[in-house]
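**Q** Next up, run_1.tsv (TSV, C-alpha atoms).
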chain	number	residue	atom	x	y	z
G	72	MET	CA	-7.32	-2.29	16.21
G	73	ALA	CA	-6.82	0.06	19.14
G	74	MET	CA	-6.06	-1.53	22.50
G	75	GLN	CA	-8.11	-0.20	25.39
G	76	ALA	CA	-7.14	-0.15	29.05
G	77	GLN	CA	-9.47	-3.04	29.81
G	78	SER	CA	-9.95	-6.53	28.43
G	79	ILE	CA	-11.13	-6.69	24.82
G	80	THR	CA	-12.59	-9.35	22.58
G	81	ASP	CA	-10.52	-10.60	19.63
G	82	THR	CA	-13.28	-11.06	17.04
G	83	ALA	CA	-11.17	-13.19	14.72
G	84	ALA	CA	-10.21	-15.57	17.50
G	85	GLY	CA	-13.42	-15.41	19.50
G	86	PHE	CA	-12.07	-15.11	23.04
G	87	LYS	CA	-10.98	-12.44	25.49
G	88	LYS	CA	-7.34	-11.40	25.74
G	89	ASP	CA	-5.71	-9.19	28.35
G	90	THR	CA	-4.57	-5.58	27.87
G	91	VAL	CA	-1.16	-6.45	26.38
G	92	PRO	CA	-1.12	-5.32	22.69
G	93	GLN	CA	-1.03	-8.32	20.37
G	94	LYS	CA	1.87	-8.77	17.94
G	95	ASP	CA	2.56	-10.95	14.93
G	96	VAL	CA	5.40	-11.68	12.52
G	97	ILE	CA	4.24	-8.80	10.31
G	98	ASP	CA	4.75	-6.36	13.22
G	99	ILE	CA	8.26	-7.73	13.81
G	100	PHE	CA	9.09	-7.39	10.12
G	101	ARG	CA	7.90	-3.78	10.11
G	102	SER	CA	9.93	-2.90	13.19
G	103	LEU	CA	13.13	-4.51	11.84
G	104	PHE	CA	12.92	-2.63	8.55
G	105	ASP	CA	11.33	0.50	9.98
G	106	ILE	CA	8.25	0.19	7.78
G	107	LYS	CA	5.44	2.44	8.90
G	108	PRO	CA	1.85	1.25	8.40
G	109	ARG	CA	-0.24	3.39	6.10
G	110	GLN	CA	-2.36	5.93	7.88
G	111	THR	CA	-5.92	5.57	6.66
G	112	ALA	CA	-9.31	6.52	7.96
G	113	PRO	CA	-10.56	4.02	10.55
G	114	GLN	CA	-12.49	1.20	8.91
G	115	LYS	CA	-13.02	-2.51	9.26
G	116	LYS	CA	-10.70	-4.34	6.95
G	117	LYS	CA	-12.43	-7.32	5.38
G	118	VAL	CA	-9.58	-9.37	3.86
G	119	TYR	CA	-6.44	-10.61	5.68
G	120	PHE	CA	-3.74	-12.30	3.59
G	121	SER	CA	-0.94	-14.54	4.87
G	122	PHE	CA	1.77	-15.68	2.43
G	123	PHE	CA	4.48	-18.09	3.55
G	124	PRO	CA	7.15	-19.47	1.15
G	125	THR	CA	9.58	-22.02	2.62
G	126	SER	CA	11.75	-25.08	2.13
G	127	SER	CA	11.63	-27.86	4.69
G	128	SER	CA	11.78	-31.55	5.34
G	129	ASP	CA	8.70	-33.31	3.96
G	130	GLY	CA	7.83	-35.40	7.01
G	131	ARG	CA	5.17	-37.49	5.29
G	132	SER	CA	7.07	-38.58	2.16
G	133	GLY	CA	10.73	-38.02	3.03
G	134	GLY	CA	13.26	-35.71	1.40
G	135	LYS	CA	13.25	-31.96	0.98
G	136	ALA	CA	10.19	-30.04	-0.16
G	137	LEU	CA	9.52	-26.57	-1.52
G	138	PHE	CA	6.11	-25.07	-0.90
G	139	THR	CA	4.23	-21.86	-0.41
G	140	SER	CA	1.07	-21.41	1.58
G	141	THR	CA	-1.31	-18.54	0.97
G	142	THR	CA	-4.19	-18.07	3.38
G	143	ALA	CA	-6.89	-15.44	2.92
G	144	GLY	CA	-9.29	-14.71	5.75
G	145	PHE	CA	-12.22	-12.46	4.92
G	146	TYR	CA	-15.74	-11.50	5.96
G	147	LEU	CA	-18.76	-11.59	3.68
G	148	GLY	CA	-21.03	-9.97	6.23
G	149	ASP	CA	-21.09	-8.15	9.53
G	150	GLN	CA	-18.15	-9.40	11.60
G	151	ALA	CA	-20.37	-9.56	14.67
G	152	THR	CA	-22.75	-12.06	13.06
G	153	THR	CA	-20.66	-13.72	10.33
G	154	ASN	CA	-17.80	-16.21	10.70
G	155	ILE	CA	-14.52	-15.49	9.00
G	156	SER	CA	-14.23	-17.27	5.64
G	157	SER	CA	-10.98	-18.81	4.50
G	158	PHE	CA	-9.23	-19.66	1.26
G	159	VAL	CA	-6.01	-21.72	1.38
G	160	PHE	CA	-3.71	-22.37	-1.58
G	161	THR	CA	-0.63	-24.55	-0.88
G	162	PRO	CA	1.34	-25.54	-4.00
G	163	TYR	CA	4.32	-27.78	-3.24
G	164	PHE	CA	7.11	-29.74	-4.86
G	165	ASN	CA	9.61	-32.23	-3.49
G	166	PHE	CA	12.73	-33.67	-5.06
G	167	ARG	CA	11.31	-37.19	-5.36
G	168	GLY	CA	8.83	-36.39	-8.12
G	169	ARG	CA	5.83	-35.38	-5.99
G	170	TYR	CA	4.04	-32.09	-6.54
G	171	GLY	CA	0.55	-30.74	-6.05
G	172	LEU	CA	-1.79	-27.79	-6.40
G	173	PRO	CA	-4.35	-28.01	-3.57
G	174	ILE	CA	-7.00	-25.34	-3.01
G	175	ARG	CA	-9.36	-25.38	-0.04
G	176	SER	CA	-12.15	-22.94	0.76
G	177	ASN	CA	-14.62	-22.50	3.61
G	178	ILE	CA	-17.05	-19.69	2.81
G	179	TRP	CA	-19.58	-18.17	5.22
G	180	LEU	CA	-22.20	-15.89	3.70
G	181	ALA	CA	-23.77	-12.98	5.59
G	182	ASN	CA	-25.14	-13.88	9.03
G	183	ASN	CA	-23.90	-17.45	8.49
G	184	GLU	CA	-27.02	-18.28	6.49
G	185	TRP	CA	-25.02	-20.45	4.07
G	186	ASN	CA	-21.75	-22.38	4.28
G	187	ILE	CA	-19.96	-23.35	1.04
G	188	GLN	CA	-17.04	-25.77	1.24
G	189	GLY	CA	-14.60	-26.63	-1.52
G	190	ASP	CA	-11.57	-28.89	-1.98
G	191	THR	CA	-9.82	-29.08	-5.36
G	192	ARG	CA	-6.49	-30.82	-5.92
G	193	LEU	CA	-4.29	-31.72	-8.87
G	194	MET	CA	-1.42	-33.94	-7.76
G	195	VAL	CA	1.39	-36.14	-9.01
G	196	TYR	CA	1.73	-38.42	-6.06
G	197	PRO	CA	4.16	-41.34	-5.81
G	198	GLN	CA	3.60	-42.80	-2.35
G	199	TYR	CA	4.27	-45.89	-0.28
G	200	THR	CA	1.47	-48.14	0.88
G	201	TRP	CA	1.63	-50.83	3.55
G	202	GLY	CA	-1.38	-52.85	2.43
G	203	LEU	CA	-4.49	-53.47	4.54
G	204	GLY	CA	-4.79	-53.81	8.29
G	205	GLY	CA	-2.90	-52.55	11.30
G	206	ASN	CA	-0.17	-55.17	11.72
G	207	GLN	CA	2.09	-54.50	8.74
G	208	ALA	CA	5.81	-54.10	9.46
G	209	SER	CA	7.25	-50.66	8.75
G	210	THR	CA	9.62	-52.20	6.19
G	211	ASP	CA	6.83	-54.06	4.36
G	212	LYS	CA	5.91	-51.21	2.03
G	213	PHE	CA	5.25	-50.79	-1.67
G	214	LEU	CA	5.71	-47.73	-3.89
G	215	VAL	CA	2.75	-46.75	-6.07
G	216	ASN	CA	2.80	-43.94	-8.65
G	217	TYR	CA	-0.33	-42.14	-9.77
G	218	ASN	CA	-1.76	-38.77	-10.74
G	219	TYR	CA	-4.73	-37.54	-8.79
G	220	LEU	CA	-7.59	-35.12	-9.41
G	221	ARG	CA	-10.02	-34.26	-6.61
G	222	PHE	CA	-13.07	-32.02	-6.87
G	223	TYR	CA	-15.27	-31.76	-3.77
G	224	GLN	CA	-17.96	-29.11	-3.37
G	225	SER	CA	-20.83	-28.81	-0.89
G	226	VAL	CA	-23.45	-26.20	-0.05
G	227	LEU	CA	-25.13	-26.15	3.36
G	228	LYS	CA	-28.06	-24.08	4.61
G	229	GLN	CA	-28.47	-22.93	8.19
G	230	ILE	CA	-31.37	-24.78	9.84
G	231	LYS	CA	-30.93	-23.08	13.19
G	232	PRO	CA	-27.95	-21.35	14.84
G	233	TYR	CA	-24.78	-23.43	14.38
G	234	PHE	CA	-26.60	-26.31	12.64
G	235	TYR	CA	-26.49	-26.81	8.85
G	236	ALA	CA	-27.63	-29.36	6.29
G	237	GLY	CA	-26.91	-29.64	2.59
G	238	LEU	CA	-25.74	-31.57	-0.44
G	239	GLY	CA	-22.45	-31.93	-2.23
G	240	TYR	CA	-20.61	-33.58	-5.08
G	241	ASN	CA	-17.37	-35.56	-4.73
G	242	LEU	CA	-15.06	-36.68	-7.53
G	243	ASP	CA	-11.83	-38.68	-7.16
G	244	TYR	CA	-9.85	-39.59	-10.26
G	245	TYR	CA	-6.70	-41.69	-9.84
G	246	ILE	CA	-4.89	-41.74	-13.18
G	247	ASP	CA	-2.29	-44.23	-14.49
G	248	ILE	CA	-1.85	-46.24	-11.30
G	249	GLU	CA	1.63	-47.73	-11.69
G	250	SER	CA	3.87	-49.98	-9.61
G	251	ASN	CA	7.65	-50.15	-9.63
G	252	GLY	CA	9.14	-53.53	-10.49
G	253	ASP	CA	7.39	-56.75	-11.40
G	254	GLN	CA	5.00	-56.87	-8.48
G	255	THR	CA	1.71	-55.03	-8.91
G	256	LEU	CA	-0.42	-53.21	-6.36
G	257	ARG	CA	-3.06	-55.93	-6.75
G	258	LYS	CA	-0.58	-58.70	-5.92
G	259	PHE	CA	0.89	-56.79	-2.99
G	260	THR	CA	-2.44	-55.96	-1.36
G	261	GLY	CA	-4.60	-58.87	-2.51
G	262	TYR	CA	-7.35	-56.29	-3.13
G	263	ARG	CA	-9.38	-56.35	-6.34
G	264	TYR	CA	-10.78	-52.86	-6.82
G	265	GLY	CA	-8.78	-49.92	-8.15
G	266	THR	CA	-5.49	-51.83	-8.12
G	267	ALA	CA	-5.04	-52.89	-11.75
G	268	ALA	CA	-1.68	-51.82	-13.19
G	269	ASP	CA	-1.64	-48.89	-15.64
G	270	GLN	CA	-5.37	-48.29	-15.24
G	271	ASP	CA	-7.48	-45.54	-13.70
G	272	ALA	CA	-9.87	-45.49	-10.76
G	273	PHE	CA	-12.75	-43.04	-11.06
G	274	SER	CA	-15.30	-42.34	-8.31
G	275	SER	CA	-18.11	-39.83	-8.61
G	276	GLY	CA	-21.16	-39.26	-6.46
G	277	MET	CA	-23.37	-37.13	-4.28
G	278	THR	CA	-22.97	-36.40	-0.58
G	279	VAL	CA	-25.43	-35.60	2.19
G	280	ASN	CA	-23.83	-33.24	4.70
G	281	LEU	CA	-24.76	-32.34	8.27
G	282	LEU	CA	-22.71	-29.75	10.12
G	283	TYR	CA	-22.66	-28.26	13.61
G	284	ASP	CA	-20.07	-25.50	13.99
G	285	SER	CA	-20.02	-23.04	16.89
G	286	ARG	CA	-16.44	-21.90	16.25
G	287	LYS	CA	-15.96	-18.28	15.31
G	288	ASN	CA	-12.73	-18.83	13.40
G	289	SER	CA	-11.81	-22.10	11.67
G	290	ILE	CA	-8.28	-20.82	10.89
G	291	ASN	CA	-7.42	-20.74	14.60
G	292	PRO	CA	-10.30	-22.39	16.47
G	293	LEU	CA	-10.93	-21.33	20.02
G	294	PRO	CA	-13.91	-22.01	22.29
G	295	GLY	CA	-16.56	-23.96	20.47
G	296	ALA	CA	-17.44	-27.32	18.96
G	297	TYR	CA	-17.54	-28.87	15.50
G	298	THR	CA	-19.28	-31.96	14.14
G	299	ASN	CA	-19.34	-32.89	10.47
G	300	ILE	CA	-21.17	-35.91	9.01
G	301	VAL	CA	-20.73	-36.79	5.34
G	302	TYR	CA	-22.61	-39.67	3.72
G	303	ARG	CA	-21.27	-40.34	0.22
G	304	VAL	CA	-23.00	-42.35	-2.53
G	305	ASN	CA	-20.92	-43.16	-5.62
G	306	THR	CA	-22.79	-44.59	-8.57
G	307	LYS	CA	-22.18	-45.54	-12.17
G	308	ILE	CA	-24.92	-43.06	-13.07
G	309	PHE	CA	-22.36	-40.31	-12.30
G	310	GLY	CA	-19.55	-42.16	-14.04
G	311	SER	CA	-18.07	-44.17	-11.17
G	312	HIS	CA	-16.28	-47.35	-12.15
G	313	THR	CA	-18.02	-49.11	-9.23
G	314	ASN	CA	-20.96	-48.41	-6.94
G	315	TRP	CA	-19.88	-47.81	-3.35
G	316	GLN	CA	-20.83	-45.79	-0.28
G	317	SER	CA	-18.98	-44.33	2.69
G	318	LEU	CA	-19.62	-42.45	5.93
G	319	TYR	CA	-17.32	-39.91	7.61
G	320	ILE	CA	-18.04	-38.52	11.12
G	321	ASP	CA	-15.72	-35.80	12.46
G	322	MET	CA	-16.06	-34.31	15.98
G	323	ARG	CA	-13.94	-31.58	17.62
G	324	LYS	CA	-14.19	-29.69	20.90
G	325	TYR	CA	-12.18	-26.67	22.05
G	326	LEU	CA	-12.06	-25.98	25.78
G	327	GLN	CA	-10.87	-22.58	26.98
G	328	LEU	CA	-9.06	-23.20	30.27
G	329	SER	CA	-8.84	-19.53	31.24
G	330	SER	CA	-11.10	-16.62	30.27
G	331	THR	CA	-8.45	-13.86	30.12
G	332	GLY	CA	-4.76	-13.52	29.47
G	333	PRO	CA	-2.62	-15.71	27.19
G	334	LYS	CA	-4.33	-18.42	25.17
G	335	ASN	CA	-4.79	-21.58	27.22
G	336	VAL	CA	-6.83	-24.16	25.29
G	337	LEU	CA	-7.35	-27.92	25.26
G	338	ALA	CA	-8.43	-29.19	21.81
G	339	LEU	CA	-9.98	-32.63	21.25
G	340	TRP	CA	-10.49	-34.38	17.91
G	341	ALA	CA	-12.04	-37.71	16.95
G	342	PHE	CA	-13.27	-39.14	13.68
G	343	TYR	CA	-14.71	-42.38	12.35
G	344	TRP	CA	-14.43	-43.18	8.65
G	345	THR	CA	-15.96	-46.29	7.13
G	346	THR	CA	-16.97	-47.86	3.85
G	347	LEU	CA	-20.55	-49.12	3.85
G	348	THR	CA	-20.42	-51.40	0.82
G	349	PRO	CA	-17.81	-53.49	-1.00
G	350	ARG	CA	-16.06	-52.47	-4.25
G	351	THR	CA	-14.48	-49.29	-2.86
G	352	PRO	CA	-11.32	-48.51	-4.88
G	353	TYR	CA	-8.17	-49.19	-2.88
G	354	LEU	CA	-6.97	-45.56	-2.83
G	355	ASN	CA	-10.43	-44.46	-1.60
G	356	LEU	CA	-10.38	-46.77	1.42
G	357	PRO	CA	-10.06	-45.04	4.81
G	358	SER	CA	-6.36	-44.34	5.34
G	359	LEU	CA	-4.31	-42.41	7.88
G	360	GLY	CA	-3.63	-38.88	6.68
G	361	TRP	CA	-6.23	-39.01	3.90
G	362	GLU	CA	-9.25	-37.68	5.79
G	363	PRO	CA	-10.72	-34.54	4.15
G	364	TYR	CA	-8.20	-32.10	5.67
G	365	GLN	CA	-5.17	-34.44	5.43
G	366	ARG	CA	-3.89	-33.36	8.84
G	367	ALA	CA	-4.35	-36.53	10.92
G	368	GLY	CA	-1.48	-38.72	12.01
G	369	ARG	CA	1.34	-36.39	13.03
G	370	GLY	CA	4.25	-38.70	13.81
G	371	PHE	CA	3.22	-41.25	11.14
G	372	PRO	CA	3.93	-41.44	7.40
G	373	GLN	CA	0.85	-40.71	5.33
G	374	SER	CA	-1.05	-43.90	4.29
G	375	ARG	CA	0.73	-45.93	7.00
G	376	TYR	CA	-2.51	-47.73	7.92
G	377	ARG	CA	-5.46	-48.50	5.65
G	378	GLY	CA	-8.63	-50.57	6.02
G	379	ASP	CA	-12.37	-50.55	5.42
G	380	ARG	CA	-12.81	-48.64	8.73
G	381	LEU	CA	-10.61	-46.15	10.55
G	382	VAL	CA	-10.90	-44.69	14.06
G	383	TYR	CA	-8.78	-41.73	15.17
G	384	PHE	CA	-8.38	-39.73	18.39
G	385	GLU	CA	-6.16	-36.72	19.08
G	386	THR	CA	-5.75	-34.21	21.88
G	387	GLU	CA	-3.65	-31.06	21.86
G	388	TYR	CA	-2.80	-28.55	24.57
G	389	ARG	CA	-2.25	-25.03	23.18
G	390	ARG	CA	-0.61	-22.29	25.23
G	391	ASP	CA	0.83	-18.85	24.50
G	392	ILE	CA	4.41	-18.34	25.70
G	393	THR	CA	4.38	-14.56	25.31
G	394	ARG	CA	1.46	-12.46	26.51
G	395	ASN	CA	1.39	-10.56	23.21
G	396	GLY	CA	0.46	-13.80	21.39
G	397	LEU	CA	3.55	-13.79	19.16
G	398	LEU	CA	4.95	-17.11	20.37
G	399	GLY	CA	3.22	-20.23	21.67
G	400	PHE	CA	3.65	-23.97	22.04
G	401	VAL	CA	1.56	-27.15	21.79
G	402	LEU	CA	1.73	-30.66	23.18
G	403	PHE	CA	-0.18	-33.36	21.31
G	404	ALA	CA	-0.91	-37.09	21.34
G	405	ASN	CA	-2.92	-39.24	18.92
G	406	VAL	CA	-3.92	-42.86	18.42
G	407	ASN	CA	-5.46	-44.68	15.46
G	408	ALA	CA	-6.70	-48.11	14.43
G	409	VAL	CA	-7.95	-49.70	11.20
G	410	THR	CA	-9.90	-52.92	10.75
G	411	GLU	CA	-8.30	-56.17	9.72
G	412	PRO	CA	-9.19	-57.50	6.24
G	413	GLU	CA	-10.08	-60.99	7.54
G	414	ASP	CA	-12.64	-60.25	10.28
G	415	HIS	CA	-13.09	-56.43	10.10
G	416	SER	CA	-12.09	-56.03	13.76
G	417	PHE	CA	-10.00	-53.30	15.41
G	418	MET	CA	-7.06	-55.28	16.85
G	419	TYR	CA	-4.03	-52.96	16.70
G	420	TRP	CA	-3.86	-49.43	18.14
G	421	HIS	CA	-1.00	-47.13	17.18
G	422	PRO	CA	-0.05	-44.12	19.34
G	423	ALA	CA	2.08	-41.09	18.53
G	424	GLY	CA	2.90	-37.83	20.26
G	425	GLY	CA	4.95	-34.70	20.02
G	426	THR	CA	5.31	-31.00	20.56
G	427	GLY	CA	5.46	-27.86	18.48
G	428	LEU	CA	5.94	-24.11	18.34
G	429	ARG	CA	3.47	-21.48	17.15
G	430	PHE	CA	4.43	-18.13	15.63
G	431	LYS	CA	1.62	-15.62	15.16
G	432	PHE	CA	1.79	-14.73	11.47
G	433	ASN	CA	-1.34	-12.59	11.17
G	434	LYS	CA	-3.08	-11.47	14.36
G	435	LYS	CA	-6.12	-10.15	12.47
G	436	SER	CA	-7.09	-13.53	11.03
G	437	GLY	CA	-5.51	-15.58	13.83
G	438	THR	CA	-3.17	-17.36	11.40
G	439	ASN	CA	-0.22	-19.18	13.00
G	440	ILE	CA	2.92	-20.71	11.56
G	441	SER	CA	2.91	-24.24	13.01
G	442	LEU	CA	6.15	-26.18	13.44
G	443	ASP	CA	5.55	-29.65	14.93
G	444	TYR	CA	7.72	-32.64	15.72
G	445	GLY	CA	5.87	-35.97	16.03
G	446	VAL	CA	7.16	-39.43	16.83
G	447	SER	CA	5.73	-42.95	16.70
G	448	ARG	CA	7.26	-46.41	16.67
G	449	ASN	CA	9.97	-46.56	13.97
G	450	PHE	CA	9.13	-43.10	12.59
G	451	SER	CA	9.35	-39.38	13.30
G	452	SER	CA	8.41	-36.32	11.28
G	453	ILE	CA	8.64	-32.55	11.21
G	454	ASN	CA	5.49	-30.82	9.96
G	455	LEU	CA	5.41	-27.17	8.91
G	456	ASN	CA	2.01	-25.60	8.18
G	457	LEU	CA	0.25	-22.29	7.98
G	458	GLY	CA	-2.68	-22.64	10.37
G	459	GLU	CA	-3.55	-25.09	13.12
G	460	THR	CA	-3.70	-28.85	12.54
G	461	PHE	CA	-7.37	-28.95	13.58
Would you write out, as structure tokens, the structure that this file holds?

**A**
Amino acid sequence: MAMQAQSITDTAAGFKKDTVPQKDVIDIFRSLFDIKPRQTAPQKKKVYFSFFPTSSSDGRSGGKALFTSTTAGFYLGDQATTNISSFVFTPYFNFRGRYGLPIRSNIWLANNEWNIQGDTRLMVYPQYTWGLGGNQASTDKFLVNYNYLRFYQSVLKQIKPYFYAGLGYNLDYYIDIESNGDQTLRKFTGYRYGTAADQDAFSSGMTVNLLYDSRKNSINPLPGAYTNIVYRVNTKIFGSHTNWQSLYIDMRKYLQLSSTGPKNVLALWAFYWTTLTPRTPYLNLPSLGWEPYQRAGRGFPQSRYRGDRLVYFETEYRRDITRNGLLGFVLFANVNAVTEPEDHSFMYWHPAGGTGLRFKFNKKSGTNISLDYGVSRNFSSINLNLGETF
């Protein structure tokens, strides 16, 4: 994209930058190895790939992890009237027996008339749990082994600009739930549903989805707002082991603090996740780091807090360090609470905070490499992702 001598609009990001040409890791790689870009006739490229193989510390589960992240950003309509769609594939493996094949997609059809969302995962997932409530000691944990299949799909129709409504189908299948040692998950948690040793927990049902999304680019959100409401009804008619219902409300706001020059954004995120009926399987209960995008709770181990309701707040300040957008930083803070099993009240609030670096990996799609360090009481983690946390 040619840079003019006056401010331009970055269509992938959705905000105005100054006249400094933008650079990414791909540009640096080309300059180091003297690779010349192919000279082709001017045209609007419609697909932007980002591929990132790495080995790092697995901040959520401990130990070393190997993973690759492939992100494809593409347009299925006129870029002026259609949001960028995304497809993310992040296979991973760590040296403690955990591996997974997650695939996420967020598809925008021409003129944003339809939005199609998908989340498919196949996982072998040994993980610690701390039981129910917000007052469990960090050392009072219990290792549970299980295999996990997720299949979530939803289709939403535009009702008016930025507002969508639709239906979906959600399936969660927890296979061969096992516990190490003599104690079982049921004894440790005192919870009846989905905790029997060497058995499965299967949930299947329909969802009603409402969406408001004024962001231009979900890969690297800039000015705009996002609200997602998902009401889920699981029933034995669709094969569920128990009948149960849940509600998830997710709200995000992105405030542009300056209209030109380097990125200068304040991002706000809050969600409320609750069961509406009893008999929800234990592993389906609201839990930190298990919301649909699995990005909440930087600075905490995944599943650290679990209850029949979960409240979460996070704020992040995002700023470019270099005017060409290659390097940036973030400062973030979050707090969460779950209800107590006895009286269903929010009694304990748990804060965390941290900082991180951003490396522009693909300037066309706005994809960043995100390296974050988060810390909470008795725990810290390093998180490496392709794309922003929210």

**Q** Write out as a list in words which residues come within 9 Å of G:Gly424 when counting all atoms listed in the file, dropping same-chain ones fewer than 3 positions away.

**A**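 What passes the distance filter is Arg369, Gly370, Leu402, Phe403, Ala404, Asn405, Val406, Tyr444, Gly445, Val446 and Ser447 of chain G.
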
**Q** Please, what distance in Å, to one decimal, runs between atom CA of G:Glu362 and atom CA of G:Gly204?

**A**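 These two atoms are separated by 16.9 Å.
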
**Q** For G:Gly276, work out the shell of residues within 8 Å, counting only C-alpha atoms and skipping chain neighbours fewer than 3 positions away, then give it as an mmCIF file with C-alpha atoms, in the frame of the given file.

**A**
data_model
loop_
_atom_site.group_PDB
_atom_site.id
_atom_site.type_symbol
_atom_site.label_atom_id
_atom_site.label_comp_id
_atom_site.auth_asym_id
_atom_site.auth_seq_id
_atom_site.Cartn_x
_atom_site.Cartn_y
_atom_site.Cartn_z
ATOM 1 C CA TYR G 240 -20.610 -33.580 -5.080
ATOM 2 C CA ASN G 241 -17.370 -35.560 -4.730
ATOM 3 C CA LEU G 242 -15.060 -36.680 -7.530
ATOM 4 C CA ARG G 303 -21.270 -40.340 0.220
ATOM 5 C CA VAL G 304 -23.000 -42.350 -2.530
ATOM 6 C CA ASN G 305 -20.920 -43.160 -5.620
ATOM 7 C CA THR G 306 -22.790 -44.590 -8.570
ATOM 8 C CA PHE G 309 -22.360 -40.310 -12.300
ATOM 9 C CA SER G 311 -18.070 -44.170 -11.170
#

**Q** Could you work out how far atom CA of G:Tyr219 lies from atom CA of G:Gly310, giving the answer in Å with one decimal?

**A**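 Taking atom CA of G:Gly310 and atom CA of G:Tyr219, their separation equals 16.4 Å.
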
**Q** Mind pulling up the distance from atom CA of G:Thr161 to atom CA of G:Ile174?

**A** 6.8 Å

**Q** In terms of the shortest atom-to-atom distance over all atoms listed in the file, which of G:Ile290, G:Val96, G:Leu457, G:Met277 is closest to G:Trp315?

**A**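 Selected residue with least distance to G:Trp315: G:Met277.
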
**Q** Find, counting all atoms listed in the file, the residue in G:Leu220, G:Ile300, G:Leu359, G:Val215 that gets nearest to G:Ser250.

**A**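 Going through G:Leu220, G:Ile300, G:Leu359, G:Val215 one by one, the smallest distance to G:Ser250 is for G:Val215.
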
**Q** Using all atoms listed in the file, which residue out of G:Asn314, G:Ser452, G:Asn183, G:Thr260 lies closest to G:Asp211?

**A** G:Thr260

**Q** Have a look at G:Phe371, G:Tyr364, G:Trp179, G:Tyr119 and name the one nearest to G:Tyr223; count only C-alpha atoms.

**A**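 Of G:Phe371, G:Tyr364, G:Trp179, G:Tyr119, the one nearest G:Tyr223, counting only C-alpha atoms, is G:Tyr364.
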
**Q** Tell me which residues come within 8 Å of (-14.9, -43.7, -13.8), as a list in words, counting only C-alpha atoms in the file's coordinates.

**A** Tyr244, Asp271, Ala272, Phe273, Ser274, Ser275, Lys307, Gly310, Ser311, His312 and Thr313 of chain G

**Q** Skip stretch 332-349 of chain G itself and residues of its chain fewer than 5 positions away, then list as an NGL selection string all residues within 9 Å of it, counting all atoms listed in the file.

**A** :G and (78 or 86-91 or 292-294 or 314-327 or 356-358 or 362 or 378-396 or 399 or 461)

**Q** Those residues with C-alpha atoms, as a short mmCIF file (atom, residue, chain, number, x, y, z; two decimals), in the coordinates of the input please?

**A**
data_model
loop_
_atom_site.label_atom_id
_atom_site.label_comp_id
_atom_site.auth_asym_id
_atom_site.auth_seq_id
_atom_site.Cartn_x
_atom_site.Cartn_y
_atom_site.Cartn_z
CA SER G 78 -9.95 -6.53 28.43
CA PHE G 86 -12.07 -15.11 23.04
CA LYS G 87 -10.98 -12.44 25.49
CA LYS G 88 -7.34 -11.40 25.74
CA ASP G 89 -5.71 -9.19 28.35
CA THR G 90 -4.57 -5.58 27.87
CA VAL G 91 -1.16 -6.45 26.38
CA PRO G 292 -10.30 -22.39 16.47
CA LEU G 293 -10.93 -21.33 20.02
CA PRO G 294 -13.91 -22.01 22.29
CA ASN G 314 -20.96 -48.41 -6.94
CA TRP G 315 -19.88 -47.81 -3.35
CA GLN G 316 -20.83 -45.79 -0.28
CA SER G 317 -18.98 -44.33 2.69
CA LEU G 318 -19.62 -42.45 5.93
CA TYR G 319 -17.32 -39.91 7.61
CA ILE G 320 -18.04 -38.52 11.12
CA ASP G 321 -15.72 -35.80 12.46
CA MET G 322 -16.06 -34.31 15.98
CA ARG G 323 -13.94 -31.58 17.62
CA LYS G 324 -14.19 -29.69 20.90
CA TYR G 325 -12.18 -26.67 22.05
CA LEU G 326 -12.06 -25.98 25.78
CA GLN G 327 -10.87 -22.58 26.98
CA LEU G 356 -10.38 -46.77 1.42
CA PRO G 357 -10.06 -45.04 4.81
CA SER G 358 -6.36 -44.34 5.34
CA GLU G 362 -9.25 -37.68 5.79
CA GLY G 378 -8.63 -50.57 6.02
CA ASP G 379 -12.37 -50.55 5.42
CA ARG G 380 -12.81 -48.64 8.73
CA LEU G 381 -10.61 -46.15 10.55
CA VAL G 382 -10.90 -44.69 14.06
CA TYR G 383 -8.78 -41.73 15.17
CA PHE G 384 -8.38 -39.73 18.39
CA GLU G 385 -6.16 -36.72 19.08
CA THR G 386 -5.75 -34.21 21.88
CA GLU G 387 -3.65 -31.06 21.86
CA TYR G 388 -2.80 -28.55 24.57
CA ARG G 389 -2.25 -25.03 23.18
CA ARG G 390 -0.61 -22.29 25.23
CA ASP G 391 0.83 -18.85 24.50
CA ILE G 392 4.41 -18.34 25.70
CA THR G 393 4.38 -14.56 25.31
CA ARG G 394 1.46 -12.46 26.51
CA ASN G 395 1.39 -10.56 23.21
CA GLY G 396 0.46 -13.80 21.39
CA GLY G 399 3.22 -20.23 21.67
CA PHE G 461 -7.37 -28.95 13.58
#

**Q** Pick the closest to G:Arg366 from G:Asn206, G:Thr460, G:Ser416, G:Asn299: which is it, counting all atoms listed in the file?

**A** G:Thr460

**Q** For G:Glu459, which of G:Arg192, G:Lys258, G:Arg377, G:Arg429 is the closest residue, counting all atoms listed in the file?

**A**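 Answer, going by the shortest atom-to-atom distance: G:Arg429.
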
**Q** Near G:Ala408, within 8 Å and counting all atoms listed in the file, which residues show up once chain neighbours fewer than 6 positions away are dropped, as a PyMOL selection string?

**A** chain G and resi 205+376+381-383+417-421
